[in-house]
Structure formats: structure tokens, C-alpha cells
$ cat protein_3.csv   # CSV, C-alpha atoms
chain,number,residue,atom,x,y,z
A,1,PRO,CA,-3.3,-2.9,23.7
A,2,LEU,CA,-6.9,-2.5,22.4
A,3,LEU,CA,-5.6,-3.2,18.9
A,4,ARG,CA,-4.1,-6.6,19.7
A,5,GLY,CA,-6.2,-9.3,18.1
A,6,VAL,CA,-7.4,-6.7,15.5
A,7,LEU,CA,-4.1,-6.0,13.8
A,8,ASP,CA,-1.6,-8.7,12.9
A,9,GLU,CA,1.5,-8.7,15.1
A,10,ASP,CA,3.9,-7.2,12.5
A,11,THR,CA,1.5,-4.2,11.9
A,12,TYR,CA,1.1,-3.8,15.7
A,13,LYS,CA,4.9,-3.6,16.2
A,14,LYS,CA,5.2,-1.2,13.3
A,15,ILE,CA,2.7,1.2,14.9
A,16,TYR,CA,3.9,0.9,18.6
A,17,ASP,CA,7.3,1.2,20.0
A,18,ASP,CA,7.7,1.9,23.8
A,19,LEU,CA,11.1,3.6,23.5
A,20,ASP,CA,12.4,1.8,26.6
A,21,ASP,CA,15.9,3.3,26.0
A,22,THR,CA,14.9,7.0,25.6
A,23,VAL,CA,17.5,9.2,27.1
A,24,VAL,CA,16.2,12.0,29.4
A,25,ASN,CA,18.7,14.6,30.5
A,26,ASP,CA,19.0,14.2,34.2
A,27,GLY,CA,20.2,17.7,34.6
A,28,VAL,CA,16.9,19.2,33.4
A,29,ASP,CA,14.7,20.9,35.9
A,30,LYS,CA,11.6,18.7,35.4
A,31,SER,CA,9.4,21.2,37.3
A,32,LYS,CA,9.4,23.5,34.2
A,33,PHE,CA,7.6,20.8,32.3
A,34,LYS,CA,4.8,20.4,34.8
A,35,GLY,CA,1.4,20.8,33.2
A,36,TYR,CA,2.8,20.4,29.7
A,37,TYR,CA,2.6,17.5,27.2
A,38,THR,CA,5.4,17.6,24.7
A,39,VAL,CA,5.6,15.4,21.6
A,40,ALA,CA,8.1,15.3,18.7
A,41,LEU,CA,6.7,15.2,15.1
A,42,PHE,CA,8.8,13.7,12.4
A,43,GLY,CA,8.0,14.0,8.7
A,44,ILE,CA,10.1,11.5,6.8
A,45,ASP,CA,11.2,11.3,3.2
A,46,SER,CA,10.2,7.7,2.8
A,47,ARG,CA,9.8,6.3,-0.7
A,48,ASP,CA,8.7,2.9,0.6
A,49,ASP,CA,7.2,1.4,3.7
A,50,LYS,CA,10.2,2.4,6.0
A,51,MET,CA,8.9,4.3,9.0
A,52,ASP,CA,11.9,4.0,11.3
A,53,ALA,CA,15.7,4.0,10.8
A,54,GLY,CA,17.1,4.2,7.3
A,55,VAL,CA,15.4,7.5,6.2
A,56,ASN,CA,16.0,11.1,7.0
A,57,SER,CA,13.6,13.2,9.1
A,58,ASP,CA,13.3,16.2,6.9
A,59,SER,CA,10.7,17.7,9.2
A,60,ILE,CA,11.2,17.9,12.9
A,61,ILE,CA,8.7,19.8,15.0
A,62,ILE,CA,8.5,19.9,18.8
A,63,VAL,CA,4.9,20.5,19.9
A,64,SER,CA,4.3,21.7,23.5
A,65,ILE,CA,0.7,21.6,24.8
A,66,ASN,CA,-0.3,23.4,27.9
A,67,GLN,CA,-2.8,20.9,29.4
A,68,ASP,CA,-4.6,23.5,31.5
A,69,THR,CA,-5.2,26.1,28.8
A,70,GLY,CA,-5.0,24.0,25.7
A,71,LYS,CA,-2.5,26.5,24.2
A,72,ILE,CA,0.0,24.8,21.7
A,73,VAL,CA,3.4,26.1,20.7
A,74,MET,CA,5.3,24.6,17.8
A,75,SER,CA,9.0,24.8,17.1
A,76,SER,CA,10.8,23.4,14.1
A,77,ILE,CA,14.3,22.1,14.4
A,78,TYR,CA,15.9,23.0,11.1
A,79,ARG,CA,17.1,19.8,9.4
A,80,ASP,CA,20.6,21.1,8.8
A,81,THR,CA,21.2,22.1,12.4
A,82,TRP,CA,24.4,20.4,13.6
A,83,LEU,CA,24.0,18.7,17.0
A,84,ASN,CA,25.8,16.1,19.0
A,85,ILE,CA,24.3,12.7,18.0
A,86,PRO,CA,24.6,10.5,21.1
A,87,ASP,CA,25.8,6.9,21.0
A,88,GLU,CA,23.2,4.2,21.3
A,89,ASP,CA,23.5,4.1,25.1
A,90,GLY,CA,22.8,7.9,25.3
A,91,SER,CA,26.4,8.8,26.1
A,92,SER,CA,28.1,11.8,24.4
A,93,SER,CA,29.7,10.8,21.2
A,94,GLU,CA,31.1,14.2,20.1
A,95,ARG,CA,29.8,13.3,16.7
A,96,PHE,CA,28.3,16.5,15.4
A,97,ARG,CA,26.1,15.9,12.4
A,98,LYS,CA,22.9,17.3,10.8
A,99,ILE,CA,20.0,16.6,13.1
A,100,ASN,CA,18.0,14.8,10.4
A,101,SER,CA,20.7,12.1,10.2
A,102,ALA,CA,19.8,11.0,13.8
A,103,PHE,CA,16.5,9.5,12.6
A,104,CYS,CA,18.3,7.8,9.7
A,105,THR,CA,20.8,6.3,12.1
A,106,GLY,CA,18.5,5.0,14.8
A,107,GLY,CA,14.9,6.0,14.1
A,108,ALA,CA,12.7,8.0,16.4
A,109,GLN,CA,14.5,6.9,19.5
A,110,ALA,CA,17.9,8.2,18.3
A,111,ALA,CA,16.3,11.5,17.1
A,112,ILE,CA,14.5,12.0,20.5
A,113,ASN,CA,17.7,11.1,22.4
A,114,THR,CA,19.5,13.8,20.3
A,115,LEU,CA,16.8,16.4,21.0
A,116,ASN,CA,16.7,15.6,24.8
A,117,THR,CA,20.5,15.6,25.2
A,118,ASN,CA,21.3,18.8,23.2
A,119,LEU,CA,18.2,20.9,24.0
A,120,ASP,CA,17.6,20.0,27.7
A,121,LEU,CA,14.2,18.4,26.9
A,122,ASN,CA,12.4,15.3,28.3
A,123,ILE,CA,10.4,14.2,25.3
A,124,SER,CA,9.3,10.6,25.2
A,125,ASP,CA,6.3,10.6,22.8
A,126,TYR,CA,6.6,10.9,19.1
A,127,ILE,CA,4.6,10.7,15.8
A,128,THR,CA,6.2,9.9,12.5
A,129,ILE,CA,4.4,10.4,9.2
A,130,ASN,CA,5.3,9.9,5.6
A,131,PHE,CA,4.1,11.6,2.4
A,132,GLU,CA,1.1,9.3,1.9
A,133,GLY,CA,-0.1,9.7,5.5
A,134,LEU,CA,0.0,13.5,5.4
A,135,ALA,CA,-1.8,13.6,2.0
A,136,THR,CA,-4.5,11.2,3.2
A,137,ILE,CA,-5.2,13.2,6.4
A,138,ILE,CA,-5.6,16.5,4.4
A,139,ASP,CA,-7.8,14.8,1.8
A,140,MET,CA,-10.1,13.3,4.4
A,141,LEU,CA,-10.5,16.7,6.0
A,142,GLY,CA,-11.5,18.3,2.6
A,143,GLY,CA,-8.2,20.0,1.7
A,144,ILE,CA,-6.7,23.2,3.1
A,145,ASP,CA,-6.6,26.9,2.1
A,146,ILE,CA,-3.1,28.4,1.6
A,147,SER,CA,-1.8,31.5,0.0
A,148,ILE,CA,1.0,30.7,-2.4
A,149,THR,CA,3.4,32.7,-4.6
A,150,GLU,CA,4.0,32.0,-8.3
A,151,ASP,CA,7.4,30.5,-7.4
A,152,GLU,CA,5.7,28.2,-4.9
A,153,ARG,CA,3.1,27.2,-7.5
A,154,TYR,CA,6.0,26.2,-9.8
A,155,TYR,CA,7.7,24.0,-7.3
A,156,ILE,CA,4.4,22.4,-6.1
A,157,ASN,CA,3.8,21.3,-9.7
A,158,HIS,CA,7.5,20.2,-9.9
A,159,TYR,CA,7.0,17.7,-7.1
A,160,MET,CA,3.5,16.4,-8.2
A,161,ASP,CA,4.6,13.6,-10.6
A,162,GLU,CA,7.0,12.2,-8.0
A,163,ASN,CA,4.4,12.5,-5.2
A,164,MET,CA,1.8,10.6,-7.2
A,165,ALA,CA,4.3,7.9,-8.1
A,166,VAL,CA,5.5,7.5,-4.5
A,167,THR,CA,2.0,7.5,-2.9
A,168,GLY,CA,-0.2,6.1,-5.6
A,169,ILE,CA,-2.6,9.0,-5.0
A,170,LYS,CA,-4.0,10.8,-8.0
A,171,SER,CA,-3.9,14.6,-8.1
A,172,SER,CA,-3.4,17.5,-10.5
A,173,TYR,CA,-1.2,20.6,-11.0
A,174,VAL,CA,-2.0,23.8,-9.3
A,175,LYS,CA,-3.3,26.2,-11.9
A,176,LYS,CA,-2.9,29.6,-10.2
A,177,SER,CA,-1.1,31.4,-7.4
A,178,GLY,CA,-2.6,33.5,-4.6
A,179,GLN,CA,-5.2,32.1,-2.3
A,180,VAL,CA,-5.7,28.5,-3.3
A,181,HIS,CA,-7.4,25.3,-2.1
A,182,LEU,CA,-4.9,22.5,-2.0
A,183,ASP,CA,-5.6,18.8,-1.9
A,184,GLY,CA,-3.5,16.4,0.2
A,185,LEU,CA,-0.8,15.7,-2.4
A,186,GLN,CA,-0.5,19.4,-3.4
A,187,ALA,CA,-0.1,20.4,0.2
A,188,THR,CA,2.5,17.7,0.7
A,189,ALA,CA,4.4,19.1,-2.3
A,190,TYR,CA,4.1,22.6,-0.7
A,191,CYS,CA,5.7,21.2,2.5
A,192,ARG,CA,8.7,20.0,0.5
A,193,ILE,CA,9.7,23.3,-1.2
A,194,ARG,CA,13.0,24.7,-0.1
A,195,TYR,CA,14.4,26.2,-3.3
A,196,THR,CA,12.7,29.6,-3.0
A,197,ALA,CA,13.9,32.6,-0.9
A,198,GLY,CA,14.3,31.4,2.7
A,199,ASN,CA,15.6,27.9,1.8
A,200,ASP,CA,15.0,25.4,4.7
A,201,PHE,CA,13.9,28.2,7.1
A,202,LYS,CA,11.0,28.9,4.8
A,203,ARG,CA,10.3,25.3,4.2
A,204,ALA,CA,9.9,24.6,7.9
A,205,SER,CA,7.6,27.6,8.1
A,206,ARG,CA,5.5,26.1,5.3
A,207,GLN,CA,5.2,22.9,7.2
A,208,ARG,CA,4.0,24.7,10.3
A,209,GLU,CA,1.6,26.6,8.2
A,210,VAL,CA,0.1,23.4,6.8
A,211,ILE,CA,-0.3,22.0,10.4
A,212,MET,CA,-2.2,25.1,11.4
A,213,ALA,CA,-4.4,24.8,8.4
A,214,ILE,CA,-5.1,21.1,9.3
A,215,GLU,CA,-6.0,22.2,12.8
A,216,GLU,CA,-8.5,24.7,11.3
A,217,GLN,CA,-10.1,22.0,9.2
A,218,ALA,CA,-10.1,19.4,12.0
A,219,LYS,CA,-12.0,21.7,14.2
A,220,LYS,CA,-14.8,21.9,11.6
A,221,ALA,CA,-15.1,18.2,11.5
A,222,ASP,CA,-17.3,16.0,13.7
A,223,LEU,CA,-15.9,13.2,15.9
A,224,ALA,CA,-17.0,10.5,13.4
A,225,THR,CA,-15.0,12.1,10.6
A,226,LEU,CA,-11.9,12.6,12.9
A,227,THR,CA,-12.2,8.9,14.0
A,228,ASP,CA,-12.3,7.9,10.3
A,229,VAL,CA,-9.2,10.0,9.6
A,230,PHE,CA,-7.4,8.3,12.5
A,231,ASN,CA,-8.4,4.8,11.4
A,232,VAL,CA,-7.3,5.3,7.8
A,233,ALA,CA,-4.1,7.3,8.4
A,234,ILE,CA,-2.7,5.1,11.1
A,235,ASP,CA,-1.3,2.8,8.4
A,236,ASP,CA,1.1,5.6,7.4
A,237,VAL,CA,1.9,6.7,11.0
A,238,TYR,CA,4.6,5.3,13.3
A,239,THR,CA,4.0,6.3,17.0
A,240,ASN,CA,4.2,5.2,20.6
A,241,ILE,CA,1.1,7.2,21.6
A,242,LYS,CA,-1.7,4.8,22.5
A,243,THR,CA,-5.0,4.8,20.7
A,244,ASP,CA,-6.9,5.9,23.8
A,245,ASP,CA,-4.7,9.0,24.2
A,246,PHE,CA,-5.2,9.9,20.6
A,247,MET,CA,-9.0,9.6,20.9
A,248,GLU,CA,-9.0,11.7,24.0
A,249,LEU,CA,-7.2,14.5,22.1
A,250,LEU,CA,-9.6,14.2,19.2
A,251,THR,CA,-12.6,14.3,21.5
A,252,ASN,CA,-11.4,17.5,23.1
A,253,ILE,CA,-10.0,19.1,19.9
A,254,THR,CA,-11.9,22.4,20.4
A,255,LYS,CA,-10.0,22.9,23.6
A,256,TYR,CA,-6.7,23.2,21.8
A,257,ARG,CA,-5.3,26.0,19.7
A,258,ILE,CA,-1.9,26.8,18.2
A,259,VAL,CA,-0.9,30.2,19.6
A,260,ALA,CA,2.8,30.5,18.6
A,261,GLU,CA,5.2,28.9,16.1
A,262,ASP,CA,8.9,29.4,15.2
A,263,GLY,CA,12.1,27.6,14.5
A,264,PHE,CA,15.4,26.6,16.2
A,265,PRO,CA,18.0,28.0,16.0
A,266,GLN,CA,16.7,31.5,15.8

$ encode --input "protein_3.csv" --output "C-alpha cells"
Amino acid sequence: PLLRGVLDEDTYKKIYDDLDDTVVNDGVDKSKFKGYYTVALFGIDSRDDKMDAGVNSDSIIIVSINQDTGKIVMSSIYRDTWLNIPDEDGSSSERFRKINSAFCTGGAQAAINTLNTNLDLNISDYITINFEGLATIIDMLGGIDISITEDERYYINHYMDENMAVTGIKSSYVKKSGQVHLDGLQATAYCRIRYTAGNDFKRASRQREVIMAIEEQAKKADLATLTDVFNVAIDDVYTNIKTDDFMELLTNITKYRIVAEDGFPQ
């Protein structure tokens, strides 16, 4: 609401969606979620300005935050996992398809409905980000340090021309393997790799690795820098989390730490 009058109405609607029709599984014991804040992260393969339905969510990560301790657990849902995609009213459709198609069919709401229905969750909040948004955040934090293999270096460079064309951001090829410092576009290319050993399991692991590296860099930044990152990157983010809640998380960022990460099914 604070942004009304600052943003034009179309941009405001693009950023905020209240998800009035989110399906929560009534059979879930809600007491097990007490004290936790859970949010779904969607990384989308968007080649234009589409941030909702019409594109696949090739990265799906459930983030669970213990609000008392600040401990964070991340779990990827592998994009090729076959789940029952509910109908628009949330009823069972018996249509088993790849989970990434739920977002393509009905955007974040359909994807969250699928997660809640199949996995006994009660998620209502989400963040969706595209290639440009991820690259911008990493660049504004000064890049990230990652250890890469020679195969990974090859595929990072394989994606670079397309990444630059899609985002309009300039970058360069990675010259060596081992411990390297990646800029935003190079790190985004790293997140896209799934042709080495491990296929999509390894790609999802790379995506979580990049998030942990971003966390490390963000904790080194002051609040003014983090606020700048938020203000610039929001154009490439589609979310129903309000600005005040984002700022509270940023203000208390040192309280939080990622303590575990894995993928489903495993």
C-alpha cells in the first residue's frame, strides 16, 4: 500500500497479488507450522516481461524460516517431479504432470496450490524472479565466490550470449575453473546448467548454492545497500510479500542463517 501513488497502477498490480484463492490443505496439522514462516521461491525461464502464467518455473525452492532462532531450511522441488496439478478451484484433477507446468498453467497461485495439495503444506507467500532480477541482485552485492569444474565453466560460457541478449546486461566469459568470482550474469548461467553429471538434481543444488552465496554477500552489506538492491531489483520480481515485511527481513538479516538444504523427492 505504501507504493500506491508512487508506482503506476499496472506496475503495482504486476508486483502484488493477494492470492485470494490459494488452496490450503484442510487436513494439515497447522500446529506443526507454528513459529515458522514459509515462502515459495520460483525462478522462471522468462525471455520477456512475463512474470506470471505462461512460463515454466524451472527453479522451485521452499524456504522455511524458524522465526525464533532465525534458522533457515531450503528444499528444492525438482522441476520434473510429477504431481497432481489441481483444478482452478483447488479440487483434485487427477492430472499428473511435471511440477514446473503448474506455474505455466496458472502462475504462482496454481504452483502454490499444487505444492500445498500434494505435500501437505500451507504456503501462501511467494517470490518469483527472472534472469535479469537474479543477475542484478548479485551484481549489486559485488558478485559471489563459487568453486566450479571445467565442465561447469564450459556450460556457463555456453549460456552467456543468450543471457546477455535476454537481459541486456553485459558480461564476459569465465576464463578458468576452480574457485572463481562470478558476476550476476555468470552466476545466473551457473544456475541454468543441467547437462553435467547429476542432471537436474545437480542444477537444483547449484541454485541453492548460489542463494547461500548471496546470503553471505548480503550479510556483508549495510542496510543502505540492501535497500538499494531491493528498490532496483523489484522491477524483476513478482511477489505478494509487502514492502514493510521485506524491509523487516533486511533490517534483521544478521539474525538469519541457512542451516540445511536438500531436494524433494530424495

$ closest_residue --input "protein_3.csv" --among "A:Ile72, A:Leu223, A:Ser177, A:Glu216" --to "Met247 in chain A" --atoms "only C-alpha atoms"
A:Leu223

$ atom_distance --input "protein_3.csv" --atom1 "CA of Gln67 in chain A" --atom2 "CA of Asn252 in chain A"
11.2 Å

$ closest_residue --input "protein_3.csv" --among "A:Ile65, A:Ile253, A:Met51, A:Ala233" --to "Phe33 in chain A" --atoms "all atoms listed in the file"
A:Ile65

$ closest_residue --input "protein_3.csv" --among "A:Arg203, A:Lys176, A:Arg97, A:Lys170" --to "Tyr78 in chain A" --atoms "all atoms listed in the file"
A:Arg203

$ residues_near_point --input "protein_3.csv" --point "(-0.3, 3.7, 9.8)" --cutoff "9 Å" --atoms "all atoms listed in the file" --output "PyMOL selection string"
chain A and resi 11+14-15+129+133+230-239

$ closest_residue --input "protein_3.csv" --among "A:Tyr36, A:Tyr173, A:Lys242, A:Ala53" --to "Thr69 in chain A" --atoms "only C-alpha atoms"
A:Tyr36

$ atom_distance --input "protein_3.csv" --atom1 "CA of Ala189 in chain A" --atom2 "CA of Tyr159 in chain A"
5.6 Å

$ residues_around --input "protein_3.csv" --residues "Glu261 in chain A" --least-positions-apart "3" --cutoff "12 Å" --atoms "all atoms listed in the file" --output "compact mmCIF listing (two decimals) with C-alpha atoms, keeping the file's coordinate frame"
# COMPACT_ATOMS: atom_id res chain seq x y z
CA ILE A 61 8.70 19.80 15.00
CA ILE A 62 8.50 19.90 18.80
CA VAL A 63 4.90 20.50 19.90
CA SER A 64 4.30 21.70 23.50
CA LYS A 71 -2.50 26.50 24.20
CA ILE A 72 0.00 24.80 21.70
CA VAL A 73 3.40 26.10 20.70
CA MET A 74 5.30 24.60 17.80
CA SER A 75 9.00 24.80 17.10
CA SER A 76 10.80 23.40 14.10
CA ILE A 77 14.30 22.10 14.40
CA ALA A 204 9.90 24.60 7.90
CA SER A 205 7.60 27.60 8.10
CA ARG A 206 5.50 26.10 5.30
CA GLN A 207 5.20 22.90 7.20
CA ARG A 208 4.00 24.70 10.30
CA GLU A 209 1.60 26.60 8.20
CA VAL A 210 0.10 23.40 6.80
CA ILE A 211 -0.30 22.00 10.40
CA MET A 212 -2.20 25.10 11.40
CA ARG A 257 -5.30 26.00 19.70
CA ILE A 258 -1.90 26.80 18.20
CA PHE A 264 15.40 26.60 16.20
CA GLN A 266 16.70 31.50 15.80

$ atom_distance --input "protein_3.csv" --atom1 "CA of Asp200 in chain A" --atom2 "CA of Ala187 in chain A"
16.5 Å

$ closest_residue --input "protein_3.csv" --among "A:Val259, A:Val39, A:Ile85, A:Val166" --to "Leu121 in chain A" --atoms "all atoms listed in the file"
A:Val39

$ closest_residue --input "protein_3.csv" --among "A:Thr227, A:Ile44, A:Thr188, A:Ala108" --to "Glu248 in chain A" --atoms "only C-alpha atoms"
A:Thr227

$ residues_around --input "protein_3.csv" --residues "range 123-126 of chain A" --least-positions-apart "3" --cutoff "7 Å" --atoms "all atoms listed in the file" --output "short mmCIF file (atom, residue, chain, number, x, y, z; two decimals) with C-alpha atoms, keeping the file's coordinate frame"
data_model
loop_
_atom_site.label_atom_id
_atom_site.label_comp_id
_atom_site.auth_asym_id
_atom_site.auth_seq_id
_atom_site.Cartn_x
_atom_site.Cartn_y
_atom_site.Cartn_z
CA THR A 22 14.90 7.00 25.60
CA THR A 38 5.40 17.60 24.70
CA VAL A 39 5.60 15.40 21.60
CA ALA A 40 8.10 15.30 18.70
CA LEU A 41 6.70 15.20 15.10
CA ILE A 112 14.50 12.00 20.50
CA ASN A 116 16.70 15.60 24.80
CA THR A 239 4.00 6.30 17.00
CA ASN A 240 4.20 5.20 20.60
CA ILE A 241 1.10 7.20 21.60
#

$ residues_around --input "protein_3.csv" --residues "Ile148 in chain A" --least-positions-apart "6" --cutoff "12 Å" --atoms "only C-alpha atoms" --output "mmCIF file with C-alpha atoms, in the frame of the given file"
data_model
loop_
_atom_site.group_PDB
_atom_site.id
_atom_site.type_symbol
_atom_site.label_atom_id
_atom_site.label_comp_id
_atom_site.auth_asym_id
_atom_site.auth_seq_id
_atom_site.Cartn_x
_atom_site.Cartn_y
_atom_site.Cartn_z
ATOM 1 C CA TYR A 154 6.000 26.200 -9.800
ATOM 2 C CA TYR A 155 7.700 24.000 -7.300
ATOM 3 C CA ILE A 156 4.400 22.400 -6.100
ATOM 4 C CA VAL A 174 -2.000 23.800 -9.300
ATOM 5 C CA LYS A 175 -3.300 26.200 -11.900
ATOM 6 C CA LYS A 176 -2.900 29.600 -10.200
ATOM 7 C CA SER A 177 -1.100 31.400 -7.400
ATOM 8 C CA GLY A 178 -2.600 33.500 -4.600
ATOM 9 C CA GLN A 179 -5.200 32.100 -2.300
ATOM 10 C CA VAL A 180 -5.700 28.500 -3.300
ATOM 11 C CA HIS A 181 -7.400 25.300 -2.100
ATOM 12 C CA LEU A 182 -4.900 22.500 -2.000
ATOM 13 C CA GLN A 186 -0.500 19.400 -3.400
ATOM 14 C CA ALA A 187 -0.100 20.400 0.200
ATOM 15 C CA TYR A 190 4.100 22.600 -0.700
ATOM 16 C CA CYS A 191 5.700 21.200 2.500
ATOM 17 C CA ILE A 193 9.700 23.300 -1.200
ATOM 18 C CA THR A 196 12.700 29.600 -3.000
ATOM 19 C CA ARG A 206 5.500 26.100 5.300
ATOM 20 C CA GLU A 209 1.600 26.600 8.200
ATOM 21 C CA VAL A 210 0.100 23.400 6.800
#
